[in-house]
>>> print(open('upload-v7.cif').read())   # mmCIF, C-alpha atoms
data_structure
#
loop_
_atom_site.label_atom_id
_atom_site.label_comp_id
_atom_site.auth_asym_id
_atom_site.auth_seq_id
_atom_site.Cartn_x
_atom_site.Cartn_y
_atom_site.Cartn_z
CA MET A 1 -1.69 84.53 47.12
CA PHE A 2 2.00 85.37 46.53
CA GLY A 3 0.61 88.41 44.68
CA THR A 4 -0.54 86.04 41.93
CA ASP A 5 -3.93 85.01 40.52
CA ARG A 6 -5.39 82.11 42.53
CA ARG A 7 -5.86 80.08 39.34
CA VAL A 8 -2.14 80.32 38.60
CA ILE A 9 -1.44 78.89 42.08
CA VAL A 10 -3.87 76.03 41.44
CA LEU A 11 -2.25 75.29 38.07
CA ALA A 12 1.15 75.41 39.76
CA LEU A 13 0.03 72.94 42.44
CA ALA A 14 -1.44 70.66 39.79
CA ARG A 15 1.78 70.72 37.78
CA MET A 16 3.75 70.15 41.01
CA ALA A 17 1.84 66.91 41.63
CA ASP A 18 2.32 65.85 38.02
CA ALA A 19 6.01 66.79 38.11
CA VAL A 20 6.56 64.57 41.15
CA ALA A 21 5.22 61.68 39.08
CA ASN A 22 7.37 62.44 36.04
CA SER A 23 10.57 63.07 38.00
CA PHE A 24 10.08 59.77 39.83
CA LEU A 25 10.41 58.03 36.50
CA ILE A 26 13.63 59.86 35.58
CA ILE A 27 15.31 58.16 38.54
CA VAL A 28 13.32 54.91 38.61
CA LEU A 29 13.46 53.91 34.93
CA PRO A 30 17.29 53.81 34.70
CA LEU A 31 17.38 51.64 37.84
CA TYR A 32 14.55 49.47 36.51
CA ILE A 33 16.24 48.90 33.14
CA ALA A 34 19.58 48.13 34.79
CA SER A 35 18.04 45.85 37.45
CA GLY A 36 17.60 42.82 35.19
CA GLU A 37 13.82 42.65 35.76
CA LEU A 38 13.18 43.49 32.09
CA ALA A 39 14.13 41.36 29.10
CA LEU A 40 16.68 43.51 27.26
CA PRO A 41 17.29 43.44 23.47
CA GLY A 42 19.88 40.92 22.34
CA PHE A 43 22.18 43.43 20.65
CA GLU A 44 23.56 44.90 23.87
CA GLY A 45 27.36 44.93 23.72
CA VAL A 46 27.60 45.29 19.93
CA SER A 47 27.83 48.41 17.79
CA VAL A 48 25.08 49.97 15.67
CA LEU A 49 26.26 52.45 13.01
CA GLY A 50 29.58 52.55 14.81
CA ILE A 51 27.97 53.47 18.15
CA PRO A 52 28.58 50.96 20.99
CA VAL A 53 25.29 49.75 22.50
CA THR A 54 25.70 50.05 26.26
CA ILE A 55 23.20 49.93 29.10
CA GLU A 56 23.63 53.72 29.34
CA LEU A 57 22.56 54.06 25.71
CA LEU A 58 19.49 51.87 26.28
CA ILE A 59 18.57 54.01 29.27
CA GLY A 60 19.13 57.15 27.22
CA VAL A 61 16.80 55.92 24.48
CA ALA A 62 14.06 55.15 27.01
CA LEU A 63 14.36 58.53 28.72
CA SER A 64 14.63 60.41 25.42
CA LEU A 65 11.60 58.83 23.78
CA PHE A 66 9.21 60.71 26.07
CA GLY A 67 10.81 64.03 25.20
CA PHE A 68 10.96 63.42 21.45
CA LEU A 69 7.31 62.48 21.03
CA ASN A 70 6.22 65.07 23.58
CA SER A 71 8.08 67.80 21.72
CA PHE A 72 7.01 66.78 18.22
CA ALA A 73 3.36 66.87 19.32
CA GLN A 74 3.45 70.11 21.33
CA PRO A 75 3.13 72.55 18.38
CA PHE A 76 0.03 70.64 17.26
CA THR A 77 -1.57 70.49 20.72
CA GLY A 78 -0.71 74.14 21.40
CA ARG A 79 -2.17 75.15 18.05
CA LEU A 80 -5.27 73.00 18.63
CA SER A 81 -5.76 74.75 21.97
CA ASP A 82 -5.46 78.16 20.30
CA ARG A 83 -7.83 77.28 17.46
CA THR A 84 -10.55 75.96 19.77
CA GLY A 85 -9.93 78.58 22.48
CA ARG A 86 -9.91 75.84 25.12
CA ARG A 87 -7.24 74.75 27.58
CA LYS A 88 -8.78 72.72 30.41
CA ILE A 89 -10.13 69.79 28.39
CA TYR A 90 -6.71 69.10 26.84
CA ILE A 91 -4.95 69.30 30.19
CA LEU A 92 -7.34 66.74 31.67
CA PHE A 93 -6.98 64.40 28.68
CA GLY A 94 -3.18 64.50 28.95
CA LEU A 95 -3.25 63.82 32.70
CA THR A 96 -5.50 60.80 32.11
CA VAL A 97 -2.99 59.37 29.64
CA LEU A 98 -0.12 59.97 32.08
CA ALA A 99 -1.95 58.13 34.88
CA VAL A 100 -2.85 55.12 32.73
CA THR A 101 0.65 54.74 31.31
CA SER A 102 2.19 54.96 34.80
CA VAL A 103 0.10 51.91 35.74
CA ALA A 104 1.32 50.12 32.62
CA TYR A 105 4.98 50.30 33.71
CA ALA A 106 4.21 47.81 36.46
CA VAL A 107 3.02 45.13 34.03
CA VAL A 108 5.49 45.34 31.13
CA ASP A 109 8.15 42.64 31.06
CA SER A 110 10.42 43.68 28.18
CA TYR A 111 12.44 46.71 27.15
CA GLU A 112 10.48 47.02 23.91
CA ALA A 113 7.14 47.11 25.77
CA LEU A 114 8.52 49.74 28.12
CA LEU A 115 9.40 51.89 25.09
CA VAL A 116 5.80 51.68 23.86
CA VAL A 117 4.51 52.85 27.25
CA ARG A 118 7.08 55.64 27.34
CA ALA A 119 6.00 56.78 23.87
CA LEU A 120 2.32 56.94 24.85
CA GLN A 121 3.26 58.84 27.97
CA GLY A 122 5.13 61.39 25.87
CA LEU A 123 2.04 62.00 23.75
CA GLY A 124 -0.04 62.47 26.90
CA GLY A 125 2.42 65.02 28.22
CA ALA A 126 2.14 66.98 24.97
CA PHE A 127 -1.46 67.83 25.83
CA VAL A 128 -0.55 69.05 29.33
CA ILE A 129 2.57 71.18 28.94
CA PRO A 130 1.83 73.83 26.25
CA THR A 131 -1.81 74.23 27.29
CA THR A 132 -0.89 74.76 30.95
CA ILE A 133 1.78 77.32 30.09
CA ALA A 134 -0.61 79.08 27.70
CA LEU A 135 -3.26 79.27 30.41
CA VAL A 136 -0.78 80.83 32.85
CA ASN A 137 0.06 83.40 30.17
CA ASP A 138 -3.67 84.04 29.52
CA LEU A 139 -4.17 84.80 33.22
CA ALA A 140 -1.52 87.56 33.28
CA ARG A 141 -3.40 90.86 33.41
CA SER A 142 -0.40 92.84 32.08
CA ASP A 143 3.22 92.47 30.94
CA ALA A 144 4.28 93.67 34.39
CA GLU A 145 2.79 90.49 35.94
CA ARG A 146 3.93 87.93 33.39
CA GLY A 147 7.40 87.23 34.77
CA GLY A 148 6.02 86.90 38.30
CA ASN A 149 3.27 84.52 37.12
CA PHE A 150 5.78 82.27 35.39
CA GLY A 151 8.13 82.52 38.35
CA VAL A 152 5.46 81.30 40.78
CA PHE A 153 4.27 78.59 38.38
CA ASN A 154 7.78 77.30 37.74
CA THR A 155 8.61 77.36 41.46
CA PHE A 156 5.81 74.98 42.40
CA ARG A 157 6.36 72.82 39.33
CA LEU A 158 10.03 72.54 40.12
CA ILE A 159 9.40 71.73 43.77
CA GLY A 160 7.65 68.63 42.52
CA PHE A 161 10.33 67.91 39.96
CA GLY A 162 13.10 68.33 42.56
CA PHE A 163 11.34 66.51 45.38
CA GLY A 164 10.51 63.48 43.24
CA PRO A 165 14.03 62.15 42.54
CA VAL A 166 15.06 62.24 46.22
CA VAL A 167 11.96 60.35 47.31
CA ALA A 168 12.14 57.98 44.32
CA GLY A 169 15.54 56.68 45.37
CA LEU A 170 14.27 56.08 48.91
CA VAL A 171 11.08 54.37 47.71
CA VAL A 172 12.98 51.97 45.44
CA GLN A 173 15.62 51.18 48.06
CA GLY A 174 12.95 50.69 50.75
CA GLY A 175 11.14 47.91 48.85
CA PRO A 176 9.71 45.34 48.89
CA TYR A 177 6.67 46.44 50.90
CA ALA A 178 4.34 44.02 52.68
CA LEU A 179 0.66 44.82 52.04
CA PRO A 180 -2.51 43.31 53.56
CA ALA A 181 -3.67 39.87 52.37
CA GLY A 182 -0.08 38.71 51.98
CA VAL A 183 0.60 40.90 48.94
CA THR A 184 4.16 42.12 48.42
CA LEU A 185 4.87 45.28 46.46
CA SER A 186 8.34 45.75 44.96
CA GLY A 187 10.15 49.06 45.30
CA PHE A 188 9.76 49.66 41.57
CA ASN A 189 6.00 49.04 41.59
CA ALA A 190 5.63 51.29 44.63
CA ALA A 191 7.38 54.07 42.72
CA PHE A 192 5.11 53.57 39.71
CA GLY A 193 2.14 53.78 42.11
CA VAL A 194 3.35 57.15 43.38
CA ALA A 195 3.51 58.38 39.77
CA VAL A 196 -0.11 57.34 39.27
CA LEU A 197 -1.22 59.15 42.42
CA GLY A 198 0.56 62.33 41.30
CA ALA A 199 -1.26 62.38 37.98
CA LEU A 200 -4.63 61.70 39.65
CA LEU A 201 -4.12 64.48 42.20
CA SER A 202 -3.27 66.90 39.42
CA PHE A 203 -6.39 65.80 37.51
CA THR A 204 -8.57 66.44 40.57
CA LEU A 205 -7.20 69.93 41.18
CA VAL A 206 -7.71 71.01 37.57
CA THR A 207 -11.19 69.48 37.41
CA LEU A 208 -12.47 71.20 40.55
CA LEU A 209 -10.68 74.54 40.56
CA ILE A 210 -9.79 75.58 36.99
CA SER A 211 -11.92 76.95 34.18
CA ASP A 212 -10.96 78.55 30.89
CA PRO A 213 -11.05 82.37 31.07
CA PRO A 214 -13.73 83.86 28.77
CA SER A 215 -11.09 85.78 26.78
CA THR A 216 -9.37 82.55 25.69
CA GLU A 217 -12.20 81.46 23.40
CA ALA A 218 -12.94 85.02 22.30
CA ASP A 219 -9.32 85.55 21.24
CA ALA A 220 -8.92 82.22 19.40
CA SER A 221 -6.80 82.89 16.32
CA ASP A 222 -6.44 81.40 12.86
CA ASP A 223 -3.02 83.02 12.26
CA LEU A 224 -0.79 80.54 14.09
CA SER A 225 2.50 80.72 12.20
CA VAL A 226 5.89 80.89 13.93
CA SER A 227 8.75 82.67 12.16
CA VAL A 228 12.40 81.67 12.01
CA LEU A 229 13.81 84.82 10.40
CA GLY A 230 13.49 88.16 12.15
CA GLU A 231 12.23 91.47 10.84
CA ASP A 232 15.17 93.67 11.90
CA ARG A 233 17.63 90.94 12.93
CA LEU A 234 18.75 87.67 11.43
CA PHE A 235 16.49 85.45 13.54
CA ASP A 236 13.09 85.85 15.16
CA PRO A 237 13.54 86.34 18.94
CA VAL A 238 11.03 83.61 19.88
CA PHE A 239 12.88 81.16 17.63
CA VAL A 240 16.21 82.17 19.24
CA LEU A 241 14.76 81.71 22.72
CA GLY A 242 13.58 78.29 21.60
CA VAL A 243 17.11 77.37 20.49
CA GLY A 244 18.55 78.72 23.74
CA THR A 245 15.98 76.75 25.74
CA LEU A 246 16.84 73.63 23.72
CA PHE A 247 20.55 73.94 24.50
CA MET A 248 19.85 74.71 28.17
CA ALA A 249 17.57 71.68 28.51
CA ILE A 250 20.17 69.41 26.88
CA SER A 251 22.70 70.57 29.46
CA ILE A 252 20.28 69.67 32.27
CA ALA A 253 19.33 66.26 30.87
CA LEU A 254 22.90 65.07 30.17
CA PHE A 255 23.19 64.10 33.82
CA ALA A 256 20.23 61.69 34.02
CA THR A 257 21.69 58.87 31.91
CA LEU A 258 24.98 58.80 33.79
CA GLN A 259 23.69 57.72 37.19
CA GLU A 260 25.81 54.58 37.43
CA PRO A 261 29.05 56.12 36.05
CA VAL A 262 28.67 59.22 38.26
CA ASN A 263 28.06 57.09 41.35
CA ALA A 264 31.07 54.90 40.55
CA ARG A 265 33.34 57.87 39.83
CA LEU A 266 32.37 59.72 43.02
CA GLY A 267 31.98 56.66 45.25
CA GLN A 268 28.35 57.39 46.16
CA GLY A 269 24.90 55.78 46.11
CA SER A 270 21.59 56.54 44.41
CA THR A 271 20.42 58.83 47.24
CA TRP A 272 23.42 61.13 46.69
CA PHE A 273 22.71 61.10 42.97
CA GLY A 274 19.09 62.05 43.60
CA ILE A 275 20.22 64.99 45.74
CA GLN A 276 22.67 66.15 43.06
CA PHE A 277 20.06 65.77 40.34
CA SER A 278 17.63 67.80 42.42
CA ALA A 279 20.15 70.55 43.20
CA VAL A 280 19.45 72.22 39.83
CA VAL A 281 15.77 72.19 40.69
CA VAL A 282 16.24 73.39 44.27
CA ALA A 283 18.17 76.45 43.06
CA ASN A 284 15.30 77.16 40.66
CA VAL A 285 12.72 76.79 43.43
CA VAL A 286 14.53 79.37 45.56
CA LEU A 287 15.18 81.85 42.75
CA GLN A 288 12.31 81.57 40.24
CA VAL A 289 9.90 83.97 41.99
CA PRO A 290 12.42 86.71 42.87
CA ILE A 291 13.99 86.53 39.40
CA GLY A 292 10.59 86.53 37.71
CA ARG A 293 9.50 89.59 39.67
CA ALA A 294 12.84 91.33 39.14
CA ALA A 295 12.50 90.69 35.40
CA ASP A 296 9.15 92.49 35.57
CA ARG A 297 10.88 95.54 37.08
CA ILE A 298 14.38 95.61 35.60
CA GLY A 299 13.85 93.84 32.30
CA ARG A 300 14.18 90.36 30.81
CA LYS A 301 17.45 90.50 28.90
CA PRO A 302 19.95 91.10 31.73
CA PHE A 303 18.84 87.86 33.36
CA LEU A 304 18.84 85.92 30.08
CA VAL A 305 22.42 86.91 29.27
CA GLY A 306 23.68 86.61 32.86
CA GLY A 307 22.26 83.13 33.24
CA LEU A 308 23.83 81.90 30.01
CA VAL A 309 27.20 83.33 31.08
CA ILE A 310 27.10 81.06 34.17
CA LEU A 311 25.73 78.02 32.32
CA ALA A 312 28.82 76.89 30.36
CA PRO A 313 31.36 76.68 33.24
CA SER A 314 28.83 75.08 35.58
CA VAL A 315 28.11 72.30 33.06
CA LEU A 316 31.79 71.69 32.28
CA ALA A 317 32.62 71.47 35.99
CA GLN A 318 30.34 68.43 36.35
CA GLY A 319 32.65 66.44 34.10
CA LEU A 320 35.73 67.39 36.11
CA VAL A 321 34.77 67.13 39.79
CA THR A 322 35.85 64.10 41.82
CA SER A 323 33.75 64.20 45.00
CA PRO A 324 30.02 64.20 45.86
CA TRP A 325 30.20 67.66 47.46
CA THR A 326 31.93 69.37 44.54
CA MET A 327 29.41 67.79 42.17
CA LEU A 328 26.65 69.20 44.36
CA LEU A 329 28.18 72.69 44.16
CA ALA A 330 28.49 72.46 40.37
CA ARG A 331 24.86 71.36 40.11
CA LEU A 332 23.75 74.27 42.31
CA ALA A 333 25.58 76.73 40.05
CA HIS A 334 23.91 75.04 37.09
CA GLY A 335 20.55 75.58 38.77
CA ILE A 336 21.23 79.27 39.37
CA SER A 337 21.97 79.76 35.67
CA VAL A 338 18.78 77.97 34.63
CA ALA A 339 16.70 80.04 37.06
CA MET A 340 18.04 83.24 35.50
CA VAL A 341 16.96 82.10 32.03
CA PHE A 342 13.73 80.14 32.45
CA ALA A 343 11.05 82.60 33.65
CA PRO A 344 12.46 85.62 31.74
CA ALA A 345 12.50 83.59 28.49
CA LEU A 346 8.86 82.58 28.95
CA ALA A 347 8.01 86.20 29.80
CA VAL A 348 9.65 87.46 26.58
CA ALA A 349 7.72 84.92 24.52
CA GLY A 350 4.52 85.90 26.33
CA ASP A 351 5.24 89.59 25.68
CA LEU A 352 5.64 88.89 21.97
CA ALA A 353 2.65 86.56 21.60
CA LYS A 354 -0.28 88.10 19.72
CA GLU A 355 -3.85 87.72 20.92
CA GLY A 356 -5.09 84.18 20.55
CA GLN A 357 -1.59 82.81 19.85
CA SER A 358 -0.11 82.23 23.29
CA GLY A 359 -0.43 78.44 23.02
CA THR A 360 1.37 78.38 19.68
CA THR A 361 4.05 80.93 20.63
CA LEU A 362 4.86 79.48 24.04
CA SER A 363 4.85 75.94 22.63
CA VAL A 364 8.07 76.92 20.82
CA LEU A 365 9.81 77.11 24.19
CA THR A 366 8.06 74.16 25.80
CA MET A 367 8.73 72.08 22.67
CA ALA A 368 12.39 73.11 22.75
CA PHE A 369 12.69 72.19 26.40
CA GLY A 370 11.11 68.82 25.68
CA PHE A 371 13.48 68.19 22.80
CA GLY A 372 16.37 69.11 25.07
CA THR A 373 15.30 66.65 27.74
CA ALA A 374 15.06 64.03 24.98
CA ILE A 375 18.35 64.78 23.25
CA GLY A 376 20.33 65.17 26.48
CA PRO A 377 20.09 61.60 27.79
CA LEU A 378 20.61 60.15 24.31
CA ALA A 379 23.62 62.40 23.66
CA SER A 380 25.24 61.54 26.97
CA GLY A 381 24.59 57.84 26.36
CA VAL A 382 26.45 58.10 23.03
CA LEU A 383 29.21 60.50 24.10
CA PHE A 384 29.96 58.65 27.34
CA GLY A 385 31.61 55.94 25.23
CA TYR A 386 34.34 58.44 24.36
CA GLY A 387 35.10 59.49 27.93
CA PHE A 388 33.30 60.64 31.07
CA VAL A 389 33.98 64.33 30.50
CA VAL A 390 32.90 64.41 26.83
CA PRO A 391 29.12 64.81 27.42
CA PHE A 392 29.77 67.80 29.68
CA VAL A 393 32.14 69.43 27.18
CA PHE A 394 29.36 69.08 24.61
CA GLY A 395 26.86 70.72 26.98
CA ALA A 396 29.22 73.61 27.73
CA ALA A 397 29.76 74.26 24.00
CA LEU A 398 26.00 74.43 23.46
CA ALA A 399 25.70 76.89 26.34
CA LEU A 400 28.25 79.21 24.71
CA ALA A 401 26.35 79.04 21.42
CA ALA A 402 23.11 79.93 23.23
CA LEU A 403 24.81 82.92 24.86
CA VAL A 404 25.93 84.34 21.51
CA LEU A 405 22.51 83.87 19.91
CA VAL A 406 20.50 85.40 22.75
CA ALA A 407 22.91 88.30 23.31
CA THR A 408 22.82 89.34 19.67
CA GLN A 409 19.31 88.42 18.51
CA VAL A 410 16.92 89.10 21.42
CA GLU A 411 15.88 92.62 22.39
CA GLU A 412 14.38 93.81 25.65
CA THR A 413 10.57 93.49 25.56
CA LEU A 414 9.57 95.13 28.84
CA GLU A 415 8.56 98.70 28.17
CA GLY A 416 10.57 101.17 30.22
CA ALA A 417 13.26 98.63 31.19
CA VAL A 418 16.80 100.00 31.44
CA VAL A 419 19.21 97.59 29.73
CA PRO A 420 22.85 97.96 30.87
CA ASP A 421 25.28 99.10 28.16
CA PHE A 422 27.35 95.93 28.49
CA VAL A 423 24.47 93.74 27.28
CA PRO A 424 24.99 93.14 23.54
CA GLY A 425 21.97 94.21 21.53
CA GLY A 426 20.62 96.36 24.37
CA ASP A 427 18.79 99.59 23.55
#
>>> encode(input="upload-v7.cif", output="C-alpha cells")
Amino acid sequence: MFGTDRRVIVLALARMADAVANSFLIIVLPLYIASGELALPGFEGVSVLGIPVTIELLIGVALSLFGFLNSFAQPFTGRLSDRTGRRKIYILFGLTVLAVTSVAYAVVDSYEALLVVRALQGLGGAFVIPTTIALVNDLARSDAERGGNFGVFNTFRLIGFGFGPVVAGLVVQGGPYALPAGVTLSGFNAAFGVAVLGALLSFTLVTLLISDPPSTEADASDDLSVSVLGEDRLFDPVFVLGVGTLFMAISIALFATLQEPVNARLGQGSTWFGIQFSAVVVANVVLQVPIGRAADRIGRKPFLVGGLVILAPSVLAQGLVTSPWTMLLARLAHGISVAMVFAPALAVAGDLAKEGQSGTTLSVLTMAFGFGTAIGPLASGVLFGYGFVVPFVFGAALALAALVLVATQVEETLEGAVVPDFVPGGD
C-alpha cells in the first residue's frame, strides 16, 4: 500500500488516531484554562523573577510541561527499547497512560491538578514516540526506502494532528451536549472524550496488527551512546539534526500559546485559529510522501537546506501580518519548510544509526522535537509581554541558526546522491 510495508501503514494509522487526541488538547487546554472553569493560582498578574505572570504564560506552562517531560524521558525509553529489542509493549503502555490521563482532565478542578495530569501524559507519550519511530525505521528494507517510509508515516500522523484542532474548536463551541438520562456533557468534556477514543483506537490497531520484527531483538545493542562532537567536522551530524529539529519545533509551537492575542489582532474566532494552526500540518500532509520519496532518489541534504531557507521568513511573517488570510498564507509557507526538513532529517538519522541503535539514535530527533514543542509555548508566553512580534523574531533567528549548522555540519548520506554545488558542505 502506497509502496510501503503494511505494518508502516498500520503504525501510521495508529499514530494518526493518537495525534487527533493530542492535537485536540493543544486547542482545548488554552480555552479550558482561560474559561474560568479551573481555579487558577493566586499570583496571576504579578511578576516572578521579573517575568509578568499572564494567562498566556500559564497556558504556555501547561502546554510545555508535556513536551519537557516527554523529551527528558525519550532517550531512556528509546534506549530501553533498544536494550530489550522490543517495541510493541512500550507503545501499548504509553497509549494506556495517554487514555487514562485524557479521562482525568474531565475531573480536575484546579490549574495545579491539571499540571499533574499533563505531566503524567508527557511521560506516557515518551513510551510511544521514540519506539514507534524506531519500529518504522526497523521496517525499512534499505536506505532507498527509508525516506518514503517516514514520509508515509508522517503524512498519516500529521493528518490526525492537523484534523484535530479544526474539529476541537467545533466540538467545544458546539457544547453543551444533551445525553440520554438527562445527562449534559460540556463542550470541554466532549473534547476530552474524543481524546480518550483516539488513544483507545490507536491501542486497538497496534494490539491486533503489529508485532516486533524478529531482527529487532536479534540486533539489540549494548553500545547506545550518542556523540556531540563529530569525527571529521565540529559536531556529530545526528546531534546537529537534533538541534535543527529543536529550533524548527520551537518555531511551530510559538503559535499555540497566542490564540487569544492572534484572534484579537486579526479580528477572528477560534475556528479561524484552528485552520491557521492546521495549515502547517496540511502542507506537511500534502508534501511529506513526495518529499520523502524524492529524498530517496535525489538525496537528503538539498531538502534539509532548502526547507531551512524558507523557515525564517515564514515564521517572521506571522508576527507582521494583519488579516486572517495573510496569516493563513504565512502558516502554509511555514508548513512547506517543515515538510522539506522533517522526513529527510529522520532518514539521515536512520541512515547513520548502527544495528540495534535505531531507538536511541532516532530518539535524539524525537526528543528534540518534543523539547521544541515544550519550549515554544513557554517562550512565546514570556516574549509576548515585550510585544506581539517578538516571539516570531525569536523563532526566525533560531531558524537562521539551524540553517547555518545543517549546511556546514551535515553531509549527504544517500549513496549515489548528487548534491548541487551551491549546497554548503556538499560532496
>>> closest_atom_pairs(input="upload-v7.cif", of="region 233-259 of chain A", to="region 332-351 of chain A", cutoff="9 Å", atoms="all atoms listed in the file", output="JSON lines")
{"residue": "A:Pro237", "atom": "CA", "partner": "A:Ala349", "partner_atom": "CA", "distance": 8.2}
{"residue": "A:Val238", "atom": "CA", "partner": "A:Ala349", "partner_atom": "CA", "distance": 5.8}
{"residue": "A:Leu241", "atom": "CA", "partner": "A:Ala345", "partner_atom": "CA", "distance": 6.5}
{"residue": "A:Gly242", "atom": "CA", "partner": "A:Ala345", "partner_atom": "CA", "distance": 8.8}
{"residue": "A:Thr245", "atom": "CA", "partner": "A:Phe342", "partner_atom": "CA", "distance": 7.8}
{"residue": "A:Met248", "atom": "CA", "partner": "A:Val338", "partner_atom": "CA", "distance": 7.3}
{"residue": "A:Ala249", "atom": "CA", "partner": "A:Val338", "partner_atom": "CA", "distance": 8.9}
{"residue": "A:Ser251", "atom": "CA", "partner": "A:His334", "partner_atom": "CA", "distance": 8.9}
{"residue": "A:Ile252", "atom": "CA", "partner": "A:His334", "partner_atom": "CA", "distance": 8.1}
>>> atom_distance(input="upload-v7.cif", atom1="CA of Leu58 (chain A)", atom2="CA of Tyr105 (chain A)")
16.4 Å
>>> closest_residue(input="upload-v7.cif", among="A:Tyr90, A:Tyr111, A:Phe156, A:Phe273", to="Leu123 (chain A)", atoms="all atoms listed in the file")
A:Tyr90
>>> atom_distance(input="upload-v7.cif", atom1="CA of Gln121 (chain A)", atom2="CA of Thr184 (chain A)")
26.4 Å
>>> closest_residue(input="upload-v7.cif", among="A:Val364, A:Pro302, A:Val289, A:Tyr386", to="Gly78 (chain A)", atoms="only C-alpha atoms")
A:Val364
>>> closest_residue(input="upload-v7.cif", among="A:Leu266, A:Ala312, A:Leu403, A:Ala368", to="Leu246 (chain A)", atoms="all atoms listed in the file")
A:Ala368
>>> residues_near_point(input="upload-v7.cif", point="(17.9, 75.3, 42.9)", cutoff="12 Å", atoms="only C-alpha atoms", output="VMD selection string")
chain A and resid 154 to 155 158 to 159 161 to 163 275 to 289 328 to 340
>>> resolve_selection(input="upload-v7.cif", expression="the PyMOL selection byres ((chain A and resi 319-325) around 10)", output="ChimeraX atom specification")
/A:255,262-263,265-269,272-273,275-276,314-318,326-331,387-393
>>> residues_around(input="upload-v7.cif", residues="region 129-138 of chain A", least_positions_apart="3", cutoff="7 Å", atoms="all atoms listed in the file", output="PyMOL selection string")
chain A and resi 8+74+78+81+87+91+125-126+146+149+350+358-359+362-363+366
>>> closest_residue(input="upload-v7.cif", among="A:Phe247, A:Pro313, A:Leu414, A:Gly376", to="Ala401 (chain A)", atoms="all atoms listed in the file")
A:Phe247
>>> closest_residue(input="upload-v7.cif", among="A:Glu56, A:Val171, A:Phe303, A:Gly244", to="Pro290 (chain A)", atoms="all atoms listed in the file")
A:Phe303
>>> closest_residue(input="upload-v7.cif", among="A:Leu29, A:Val10, A:Met367, A:Ala99", to="Phe76 (chain A)", atoms="only C-alpha atoms")
A:Met367
>>> resolve_selection(input="upload-v7.cif", expression="the PyMOL selection byres ((chain A and resi 211) around 12)", output="VMD selection string")
chain A and resid 6 to 8 10 to 11 85 to 92 132 135 to 136 138 to 139 205 to 210 212 to 217
